[in-house]
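structure-v4.cif follows (mmCIF, C-alpha atoms and all ligand atoms):
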```cif
data_my_file
#
loop_
_atom_site.group_PDB
_atom_site.id
_atom_site.type_symbol
_atom_site.label_atom_id
_atom_site.label_comp_id
_atom_site.auth_asym_id
_atom_site.auth_seq_id
_atom_site.Cartn_x
_atom_site.Cartn_y
_atom_site.Cartn_z
ATOM 1 C CA MET A 3 -3.569 21.300 10.248
ATOM 2 C CA ASN A 4 -4.142 21.377 6.502
ATOM 3 C CA GLY A 5 -7.442 22.803 5.386
ATOM 4 C CA PRO A 6 -9.621 20.986 2.904
ATOM 5 C CA THR A 7 -7.606 20.333 -0.241
ATOM 6 C CA PRO A 8 -9.286 19.228 -3.425
ATOM 7 C CA PRO A 9 -7.804 16.056 -4.896
ATOM 8 C CA GLY A 10 -4.828 16.833 -7.057
ATOM 9 C CA ALA A 11 -4.298 20.366 -5.783
ATOM 10 C CA PRO A 12 -0.747 21.257 -4.738
ATOM 11 C CA ARG A 13 -0.197 21.212 -1.016
ATOM 12 C CA PRO A 14 1.583 23.813 1.068
ATOM 13 C CA ALA A 15 5.212 23.007 1.831
ATOM 14 C CA ARG A 16 4.495 23.148 5.550
ATOM 15 C CA GLY A 17 1.953 20.361 5.169
ATOM 16 C CA LYS A 18 4.459 18.284 3.281
ATOM 17 C CA VAL A 19 6.994 18.581 6.064
ATOM 18 C CA TRP A 20 4.458 17.486 8.642
ATOM 19 C CA ARG A 21 3.336 14.617 6.452
ATOM 20 C CA THR A 22 6.917 13.459 5.972
ATOM 21 C CA VAL A 23 7.445 13.522 9.713
ATOM 22 C CA LEU A 24 4.188 11.672 10.272
ATOM 23 C CA CYS A 25 4.981 9.005 7.700
ATOM 24 C CA LEU A 26 8.127 8.146 9.583
ATOM 25 C CA LEU A 27 6.328 7.999 12.926
ATOM 26 C CA PRO A 28 5.139 4.368 12.740
ATOM 27 C CA ALA A 29 8.730 3.335 12.071
ATOM 28 C CA VAL A 30 9.902 5.457 15.000
ATOM 29 C CA LEU A 31 7.410 3.718 17.249
ATOM 30 C CA LEU A 32 8.476 0.306 16.025
ATOM 31 C CA SER A 33 12.170 0.930 16.465
ATOM 32 C CA ALA A 34 14.683 3.689 16.139
ATOM 33 C CA CYS A 35 16.713 1.409 13.854
ATOM 34 C CA GLY A 36 13.764 0.929 11.539
ATOM 35 C CA ALA A 37 13.259 4.677 11.295
ATOM 36 C CA LEU A 38 16.893 5.214 10.467
ATOM 37 C CA SER A 39 16.739 2.504 7.820
ATOM 38 C CA GLY A 40 13.582 3.996 6.287
ATOM 39 C CA ALA A 41 15.143 7.456 6.386
ATOM 40 C CA ARG A 42 17.937 6.125 4.160
ATOM 41 C CA LEU A 43 15.423 6.254 1.301
ATOM 42 C CA ALA A 44 15.896 10.020 1.322
ATOM 43 C CA ALA A 45 19.433 9.475 -0.025
ATOM 44 C CA PRO A 46 19.356 6.081 -1.776
ATOM 45 C CA ASP A 47 22.453 6.801 -3.885
ATOM 46 C CA ARG A 48 24.500 6.953 -0.688
ATOM 47 C CA PHE A 49 23.339 3.488 0.327
ATOM 48 C CA GLY A 50 23.954 1.226 -2.644
ATOM 49 C CA MET A 51 21.334 2.364 -5.144
ATOM 50 C CA SER A 52 21.627 4.134 -8.481
ATOM 51 C CA ARG A 53 19.190 6.528 -10.080
ATOM 52 C CA VAL A 54 17.459 5.210 -13.199
ATOM 53 C CA ASP A 55 15.220 8.255 -13.500
ATOM 54 C CA ALA A 56 13.499 10.732 -11.159
ATOM 55 C CA GLY A 57 11.035 8.060 -10.026
ATOM 56 C CA LEU A 58 13.176 4.956 -9.889
ATOM 57 C CA TYR A 59 16.273 3.866 -7.981
ATOM 58 C CA LEU A 60 17.698 0.397 -8.453
ATOM 59 C CA GLU A 61 20.180 -1.493 -6.320
ATOM 60 C CA ASN A 62 23.712 -1.366 -7.734
ATOM 61 C CA GLY A 63 24.602 -4.512 -9.637
ATOM 62 C CA ALA A 64 21.111 -5.175 -11.009
ATOM 63 C CA ASP A 65 21.269 -6.289 -14.632
ATOM 64 C CA ALA A 66 19.902 -4.451 -17.654
ATOM 65 C CA ALA A 67 17.046 -6.926 -18.079
ATOM 66 C CA THR A 68 15.792 -6.255 -14.541
ATOM 67 C CA ARG A 69 15.999 -2.528 -15.141
ATOM 68 C CA ALA A 70 14.046 -2.764 -18.406
ATOM 69 C CA ARG A 71 11.444 -5.058 -16.860
ATOM 70 C CA LEU A 72 10.928 -2.722 -13.905
ATOM 71 C CA LEU A 73 10.194 0.222 -16.190
ATOM 72 C CA GLY A 74 7.479 -1.864 -17.860
ATOM 73 C CA GLU A 75 6.074 -2.968 -14.508
ATOM 74 C CA ARG A 76 5.928 0.661 -13.397
ATOM 75 C CA ASP A 77 3.916 1.574 -16.509
ATOM 76 C CA GLN A 78 1.489 -1.237 -15.764
ATOM 77 C CA ALA A 79 1.123 -0.187 -12.126
ATOM 78 C CA GLU A 80 0.482 3.414 -13.170
ATOM 79 C CA ALA A 81 -2.207 2.265 -15.617
ATOM 80 C CA ALA A 82 -3.899 0.314 -12.821
ATOM 81 C CA ILE A 83 -3.845 3.379 -10.544
ATOM 82 C CA ARG A 84 -5.271 5.576 -13.317
ATOM 83 C CA ALA A 85 -8.044 3.072 -14.034
ATOM 84 C CA ALA A 86 -9.107 2.950 -10.383
ATOM 85 C CA TYR A 87 -8.678 6.617 -9.374
ATOM 86 C CA GLY A 88 -9.512 8.247 -12.720
ATOM 87 C CA ASP A 89 -6.121 9.963 -12.860
ATOM 88 C CA VAL A 90 -2.754 9.745 -11.122
ATOM 89 C CA VAL A 91 -1.744 12.252 -8.443
ATOM 90 C CA ALA A 92 1.079 10.503 -6.583
ATOM 91 C CA ARG A 93 4.452 10.291 -8.286
ATOM 92 C CA PRO A 94 6.152 7.893 -5.911
ATOM 93 C CA VAL A 95 9.872 7.328 -5.949
ATOM 94 C CA ILE A 96 10.443 3.607 -6.277
ATOM 95 C CA HIS A 97 13.442 1.947 -4.652
ATOM 96 C CA ALA A 98 13.964 -1.554 -5.983
ATOM 97 C CA CYS A 99 16.210 -4.065 -4.217
ATOM 98 C CA VAL A 100 17.508 -7.154 -5.992
ATOM 99 C CA SER A 101 18.968 -8.595 -2.780
ATOM 100 C CA GLU A 102 17.383 -9.284 0.598
ATOM 101 C CA ALA A 103 20.337 -7.559 2.282
ATOM 102 C CA CYS A 104 19.438 -4.358 0.453
ATOM 103 C CA TYR A 105 15.769 -4.669 1.437
ATOM 104 C CA GLU A 106 16.653 -5.155 5.094
ATOM 105 C CA SER A 107 19.127 -2.287 5.059
ATOM 106 C CA PHE A 108 16.264 0.068 4.131
ATOM 107 C CA GLY A 109 14.013 -1.237 6.887
ATOM 108 C CA GLY A 110 12.165 -3.987 5.002
ATOM 109 C CA LYS A 111 11.822 -7.425 6.526
ATOM 110 C CA GLY A 112 9.490 -10.307 5.794
ATOM 111 C CA SER A 113 7.166 -8.260 3.588
ATOM 112 C CA ARG A 114 7.469 -8.021 -0.184
ATOM 113 C CA ALA A 115 7.119 -4.265 -0.407
ATOM 114 C CA LYS A 116 6.418 -1.256 1.761
ATOM 115 C CA VAL A 117 5.683 2.418 1.473
ATOM 116 C CA TYR A 118 6.827 5.449 3.452
ATOM 117 C CA GLY A 119 4.558 8.291 2.365
ATOM 118 C CA VAL A 120 5.398 8.422 -1.345
ATOM 119 C CA ARG A 121 8.620 6.414 -1.183
ATOM 120 C CA ILE A 122 8.124 2.804 -2.197
ATOM 121 C CA LEU A 123 10.567 0.064 -1.260
ATOM 122 C CA LEU A 124 10.426 -3.196 -3.230
ATOM 123 C CA SER A 125 12.040 -6.443 -2.122
ATOM 124 C CA PRO A 126 13.517 -8.857 -4.680
ATOM 125 C CA ARG A 127 10.276 -10.848 -4.203
ATOM 126 C CA GLY A 128 8.138 -7.840 -5.006
ATOM 127 C CA LEU A 129 9.566 -6.635 -8.308
ATOM 128 C CA ASN A 130 6.352 -6.661 -10.294
ATOM 129 C CA TRP A 131 3.431 -4.387 -11.021
ATOM 130 C CA HIS A 132 1.150 -6.092 -8.487
ATOM 131 C CA TYR A 133 3.172 -5.047 -5.447
ATOM 132 C CA LEU A 134 4.039 -1.741 -7.011
ATOM 133 C CA ALA A 135 0.374 -0.914 -7.652
ATOM 134 C CA HIS A 136 -0.533 -1.940 -4.091
ATOM 135 C CA GLU A 137 1.975 0.438 -2.521
ATOM 136 C CA TRP A 138 1.268 3.114 -5.122
ATOM 137 C CA SER A 139 -2.394 3.012 -4.097
ATOM 138 C CA HIS A 140 -1.352 3.776 -0.499
ATOM 139 C CA ALA A 141 0.795 6.642 -1.820
ATOM 140 C CA GLU A 142 -2.139 7.811 -3.939
ATOM 141 C CA MET A 143 -4.451 7.958 -0.892
ATOM 142 C CA TRP A 144 -1.711 9.746 1.041
ATOM 143 C CA SER A 145 -1.253 12.308 -1.738
ATOM 144 C CA ARG A 146 -4.944 12.946 -2.385
ATOM 145 C CA LEU A 147 -5.997 13.432 1.225
ATOM 146 C CA SER A 148 -5.209 16.211 3.645
ATOM 147 C CA LEU A 149 -3.490 14.979 6.796
ATOM 148 C CA ASN A 150 -6.700 15.229 8.826
ATOM 149 C CA ALA A 151 -8.668 13.329 6.192
ATOM 150 C CA TRP A 152 -5.972 10.678 5.843
ATOM 151 C CA LEU A 153 -6.109 10.089 9.598
ATOM 152 C CA ARG A 154 -9.837 9.315 9.269
ATOM 153 C CA LEU A 155 -9.292 6.770 6.485
ATOM 154 C CA PRO A 156 -9.741 3.283 7.970
ATOM 155 C CA GLN A 157 -7.050 0.721 7.329
ATOM 156 C CA TRP A 158 -9.508 -1.873 5.978
ATOM 157 C CA PHE A 159 -10.580 0.503 3.216
ATOM 158 C CA ASP A 160 -7.057 1.666 2.366
ATOM 159 C CA GLU A 161 -5.842 -1.950 2.191
ATOM 160 C CA GLY A 162 -8.940 -3.191 0.374
ATOM 161 C CA VAL A 163 -8.531 -0.649 -2.415
ATOM 162 C CA ALA A 164 -4.811 -1.456 -2.656
ATOM 163 C CA VAL A 165 -5.482 -5.206 -2.822
ATOM 164 C CA ALA A 166 -8.236 -4.824 -5.416
ATOM 165 C CA ILE A 167 -6.129 -2.552 -7.643
ATOM 166 C CA SER A 168 -3.016 -4.721 -7.379
ATOM 167 C CA ALA A 169 -4.812 -7.872 -8.590
ATOM 168 C CA ALA A 170 -2.127 -9.891 -6.799
ATOM 169 C CA PRO A 171 -2.839 -13.608 -7.250
ATOM 170 C CA GLU A 172 -2.224 -14.290 -3.555
ATOM 171 C CA ASN A 173 -5.179 -12.078 -2.543
ATOM 172 C CA SER A 174 -7.399 -12.870 -5.528
ATOM 173 C CA GLU A 175 -11.044 -13.910 -5.656
ATOM 174 C CA GLU A 176 -9.721 -17.428 -6.393
ATOM 175 C CA HIS A 177 -7.796 -17.362 -3.120
ATOM 176 C CA TRP A 178 -10.974 -16.191 -1.354
ATOM 177 C CA GLN A 179 -12.855 -19.162 -2.811
ATOM 178 C CA PHE A 180 -10.062 -21.467 -1.677
ATOM 179 C CA LEU A 181 -10.320 -20.077 1.879
ATOM 180 C CA VAL A 182 -14.079 -20.617 1.821
ATOM 181 C CA SER A 183 -13.888 -24.182 0.496
ATOM 182 C CA ALA A 184 -11.064 -25.130 2.874
ATOM 183 C CA GLY A 185 -12.961 -23.669 5.854
ATOM 184 C CA VAL A 186 -10.105 -21.310 6.726
ATOM 185 C CA PRO A 187 -11.306 -18.682 9.266
ATOM 186 C CA ARG A 188 -11.591 -15.248 7.691
ATOM 187 C CA PRO A 189 -13.125 -11.982 8.938
ATOM 188 C CA PRO A 190 -16.738 -11.407 7.886
ATOM 189 C CA SER A 191 -17.569 -8.011 6.393
ATOM 190 C CA ALA A 192 -18.838 -6.492 9.658
ATOM 191 C CA GLU A 193 -15.695 -7.554 11.521
ATOM 192 C CA LEU A 194 -13.376 -6.453 8.712
ATOM 193 C CA ARG A 195 -14.826 -2.948 8.963
ATOM 194 C CA THR A 196 -13.785 -2.733 12.612
ATOM 195 C CA PHE A 197 -10.085 -2.890 11.583
ATOM 196 C CA ARG A 198 -9.722 0.863 11.445
ATOM 197 C CA SER A 199 -6.322 1.637 12.893
ATOM 198 C CA LEU A 200 -3.011 0.201 11.692
ATOM 199 C CA ARG A 201 -2.712 -1.522 15.031
ATOM 200 C CA GLN A 202 -6.140 -3.187 14.736
ATOM 201 C CA TRP A 203 -5.219 -4.282 11.231
ATOM 202 C CA GLU A 204 -1.871 -5.744 12.276
ATOM 203 C CA GLU A 205 -3.495 -7.567 15.201
ATOM 204 C CA ALA A 206 -6.087 -9.114 12.864
ATOM 205 C CA VAL A 207 -3.393 -10.195 10.394
ATOM 206 C CA GLU A 208 -1.620 -11.874 13.301
ATOM 207 C CA ARG A 209 -4.797 -13.388 14.777
ATOM 208 C CA TYR A 210 -5.893 -14.936 11.478
ATOM 209 C CA GLY A 211 -2.498 -16.550 11.048
ATOM 210 C CA GLU A 212 -1.434 -14.569 8.025
ATOM 211 C CA LYS A 213 2.091 -14.268 9.377
ATOM 212 C CA ASN A 214 2.575 -18.043 9.696
ATOM 213 C CA ASN A 215 3.014 -18.741 6.011
ATOM 214 C CA ALA A 216 6.710 -19.587 6.243
ATOM 215 C CA ALA A 217 5.833 -22.440 8.632
ATOM 216 C CA ARG A 218 3.001 -23.562 6.321
ATOM 217 C CA ARG A 219 5.384 -23.606 3.372
ATOM 218 C CA ALA A 220 7.866 -25.652 5.379
ATOM 219 C CA ARG A 221 5.121 -28.175 6.131
ATOM 220 C CA GLY A 222 4.115 -28.326 2.471
ATOM 221 C CA GLU A 223 0.778 -26.671 3.183
ATOM 222 C CA ALA A 224 -0.992 -23.992 1.169
ATOM 223 C CA GLU A 225 -0.414 -20.401 2.272
ATOM 224 C CA VAL A 226 -3.413 -18.423 3.565
ATOM 225 C CA ARG A 227 -4.034 -14.681 3.594
ATOM 226 C CA PRO A 228 -7.532 -14.264 5.068
ATOM 227 C CA VAL A 229 -7.394 -10.600 6.137
ATOM 228 C CA TYR A 230 -5.882 -8.959 3.056
ATOM 229 C CA THR A 231 -7.961 -11.228 0.836
ATOM 230 C CA ALA A 232 -11.154 -10.352 2.742
ATOM 231 C CA ALA A 233 -10.403 -6.654 2.230
ATOM 232 C CA GLY A 234 -9.966 -7.181 -1.511
ATOM 233 C CA HIS A 235 -13.152 -9.269 -1.601
ATOM 234 C CA GLU A 236 -14.993 -6.406 0.104
ATOM 235 C CA LEU A 237 -13.667 -3.640 -2.149
ATOM 236 C CA ARG A 238 -13.760 -5.300 -5.588
ATOM 237 C CA PRO A 239 -17.557 -5.065 -5.938
ATOM 238 C CA TRP A 240 -17.526 -1.560 -4.411
ATOM 239 C CA LEU A 241 -15.009 -0.312 -6.983
ATOM 240 C CA ALA A 242 -16.828 -2.112 -9.800
ATOM 241 C CA LYS A 243 -20.101 -0.458 -8.793
ATOM 242 C CA HIS A 244 -18.932 3.070 -7.979
ATOM 243 C CA GLY A 245 -15.820 3.340 -10.148
ATOM 244 C CA SER A 246 -13.258 6.124 -10.019
ATOM 245 C CA ARG A 247 -16.019 8.723 -9.626
ATOM 246 C CA GLY A 248 -17.233 7.054 -6.452
ATOM 247 C CA LEU A 249 -13.708 6.834 -5.096
ATOM 248 C CA GLN A 250 -13.002 10.480 -5.913
ATOM 249 C CA THR A 251 -16.286 11.537 -4.309
ATOM 250 C CA LEU A 252 -15.452 9.631 -1.146
ATOM 251 C CA LEU A 253 -11.996 11.205 -0.925
ATOM 252 C CA ARG A 254 -13.380 14.674 -1.620
ATOM 253 C CA ARG A 255 -15.915 14.290 1.197
ATOM 254 C CA LEU A 256 -13.149 13.222 3.554
ATOM 255 C CA ASN A 257 -11.146 16.286 2.530
ATOM 256 C CA GLU A 258 -14.219 18.416 3.215
ATOM 257 C CA GLY A 259 -14.255 17.125 6.786
ATOM 258 C CA ALA A 260 -16.779 14.279 6.668
ATOM 259 C CA GLU A 261 -16.346 11.267 8.909
ATOM 260 C CA PHE A 262 -15.483 8.158 6.913
ATOM 261 C CA ASP A 263 -18.786 6.308 7.428
ATOM 262 C CA ALA A 264 -20.783 9.365 6.365
ATOM 263 C CA ALA A 265 -18.574 9.841 3.288
ATOM 264 C CA LEU A 266 -18.995 6.157 2.388
ATOM 265 C CA ASN A 267 -22.766 6.299 2.855
ATOM 266 C CA ALA A 268 -22.944 9.387 0.654
ATOM 267 C CA VAL A 269 -21.410 7.381 -2.193
ATOM 268 C CA GLU A 270 -23.528 4.297 -1.562
HETATM 269 ZN ZN ZN B 301 -1.035 -2.385 1.990
#
```

Please, can you express the file's structure as structure tokens?
Ligand SMILES: [Zn+2]
Amino acid sequence: MNGPTPPGAPRPARGKVWRTVLCLLPAVLLSACGALSGARLAAPDRFGMSRVDAGLYLENGADAATRARLLGERDQAEAAIRAAYGDVVARPVIHACVSEACYESFGGKGSRAKVYGVRILLSPRGLNWHYLAHEWSHAEMWSRLSLNAWLRLPQWFDEGVAVAISAAPENSEEHWQFLVSAGVPRPPSAELRTFRSLRQWEEAVERYGEKNNAARRARGEAEVRPVYTAAGHELRPWLAKHGSRGLQTLLRRLNEGAEFDAALNAVE
């Protein structure tokens, strides 16, 4: 579809249309309702949100303090993206909910935040730079890669970069050490790297019990996030070693048509 596109270069409108359609596909496959809810983000002011600026919509009724805090959190998330990628290409539109009802009405459920292409949806539990930077990293990958290259990007790498950049306490190195000391099963590096498709990733998250945290909380037990945390644990040293230049090189090679493993080996 799209030819090789250097990072940061403007994309043809046709490509954008296809990418918008594609970004809604997972939701379509999950449920028609979910797709409709996600599609509401295209007109947030018709569904209970107000425009703060071109990149931020906030649920009606949110107070001034929340609005001011969110602008600061966005700055911090952008700084984290710039530090990791070298510059910022994606200009996501952020949709922030201060109620769970709002989050669900736009197709969110259970999670703290989600991303549709370059539209980010934040739940009331995700209104900070950590979750924003995580989803922004997904949007950044999406924006920097041609469609064909993006399809070759494995989920473990996409998530690992997002987790590392977000510095979310729940997926931190400290949480990794807790999992190790408590003997909580977690995917070793070789297994993690087999989680290439979204489906494989979701199955692993399920298999390692990462979706059972509500029950753990109810029992007074510590929450565990072995898969996301393993991805962050894998990518932190990679990013520290290769930096934004390494990441840009990898993405450029993908855009030039390289398979992911070859592009990764070229950097390493
Ligand atoms: Zn993610």

For this session: Identify, on the basis of only C-alpha atoms, every residue whose closest approach to Leu237 in chain A does not exceed 7 Å; exclude the query and any residue fewer than 5 positions from it along the same chain; express the result as number ranges by chain.
Result: A: 162-163, 166

Exercise. Nearest to ligand ZN 301 (chain B) among A:His244, A:Arg195, A:Arg227, A:His136, with distances taken over all atoms listed in the file: which residue is it?
Worked result: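 Selected residue with least distance to ligand ZN 301 (chain B): A:His136.
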
Problem set entry | Shell of 10 Å around ligand ZN 301 (chain B) (only C-alpha atoms and all ligand atoms), written as a VMD selection string | chain A and resid 115 to 117 133 135 to 141 157 to 158 160 to 165 168 230

For this session: Could you list the residues chosen by the PyMOL selection byres (((chain A and resi 59-69) around 12) and not hetatm) in this structure as a ChimeraX atom specification?
Result: /A:43-58,70-76,94-105,107-108,121-126,129-130

For this session: Skip Leu249 in chain A itself and residues of its chain fewer than 5 positions away, then list as a list of chain:residue names all residues within 9 Å of it, counting only C-alpha atoms.
Result: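 What passes the distance filter is A:Ala86, A:Tyr87, A:Gly88, A:Leu241, A:His244, A:Arg254, A:Val269.
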
Problem set entry | Result set of the PyMOL selection byres (((chain A and resi 229) around 8) and not hetatm) on the coordinates above, as a list in words |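 When the PyMOL selection byres (((chain A and resi 229) around 8) and not hetatm) is applied, the selected residues are Arg188, Pro189, Leu194, Ala206, Val207, Tyr210, Glu212, Arg227, Pro228, Tyr230, Thr231, Ala232 and Ala233 of chain A.
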
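When all atoms listed in the file are used to compute distances to Gly248 in chain A, the closest of the residues A:Ala265, A:Ala260, A:Ala170, A:Ala81 turns out to be A:Ala265.
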
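Proximity ranking of A:Ser145, A:Ala169, A:Val186, A:Arg219 relative to Val91 in chain A places A:Ser145 first, based on all atoms listed in the file.
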
Excluding Glu175 in chain A and its own-chain neighbours fewer than 3 positions away, which residues fall within 8 Å of it when counting all atoms listed in the file? Please give them as a short mmCIF file (atom, residue, chain, number, x, y, z; two decimals) with C-alpha atoms, in the coordinates of the input.
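The new file result_37.cif reads:
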```cif
data_model
loop_
_atom_site.label_atom_id
_atom_site.label_comp_id
_atom_site.auth_asym_id
_atom_site.auth_seq_id
_atom_site.Cartn_x
_atom_site.Cartn_y
_atom_site.Cartn_z
CA TRP A 178 -10.97 -16.19 -1.35
CA GLN A 179 -12.86 -19.16 -2.81
CA THR A 231 -7.96 -11.23 0.84
CA GLY A 234 -9.97 -7.18 -1.51
CA HIS A 235 -13.15 -9.27 -1.60
#
```

Exercise. CA of Arg84 in chain A and CA of Glu261 in chain A, how far apart in Å?
Worked result: 25.5 Å

Problem set entry | Atomic distance CA of Glu80 in chain A - CA of Glu176 in chain A, expressed in Å with one decimal |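 Atom-to-atom, CA of Glu80 in chain A and CA of Glu176 in chain A are spaced 24.2 Å apart.
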
Problem set entry | Straight-line distance linking CA of Asp89 in chain A with CA of Ala151 in chain A, stated in Å to one decimal | 19.5 Å

For this session: Measuring atom to atom with all atoms listed in the file, identify which of A:Arg127, A:Arg42, A:Arg146, A:His132 is nearest to Arg255 in chain A.
Result: A:Arg146

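Considering all atoms listed in the file, the residue among A:Ser191, A:Trp131, A:Leu149, A:Ala184 positioned nearest to Glu223 in chain A is A:Ala184.
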
For this session: Apply the PyMOL selection byres (((chain A and resi 200) around 12) and not hetatm) to the displayed file and report the matching residues as a PyMOL selection string.
Result: chain A and resi 28+153-161+196-199+201-207
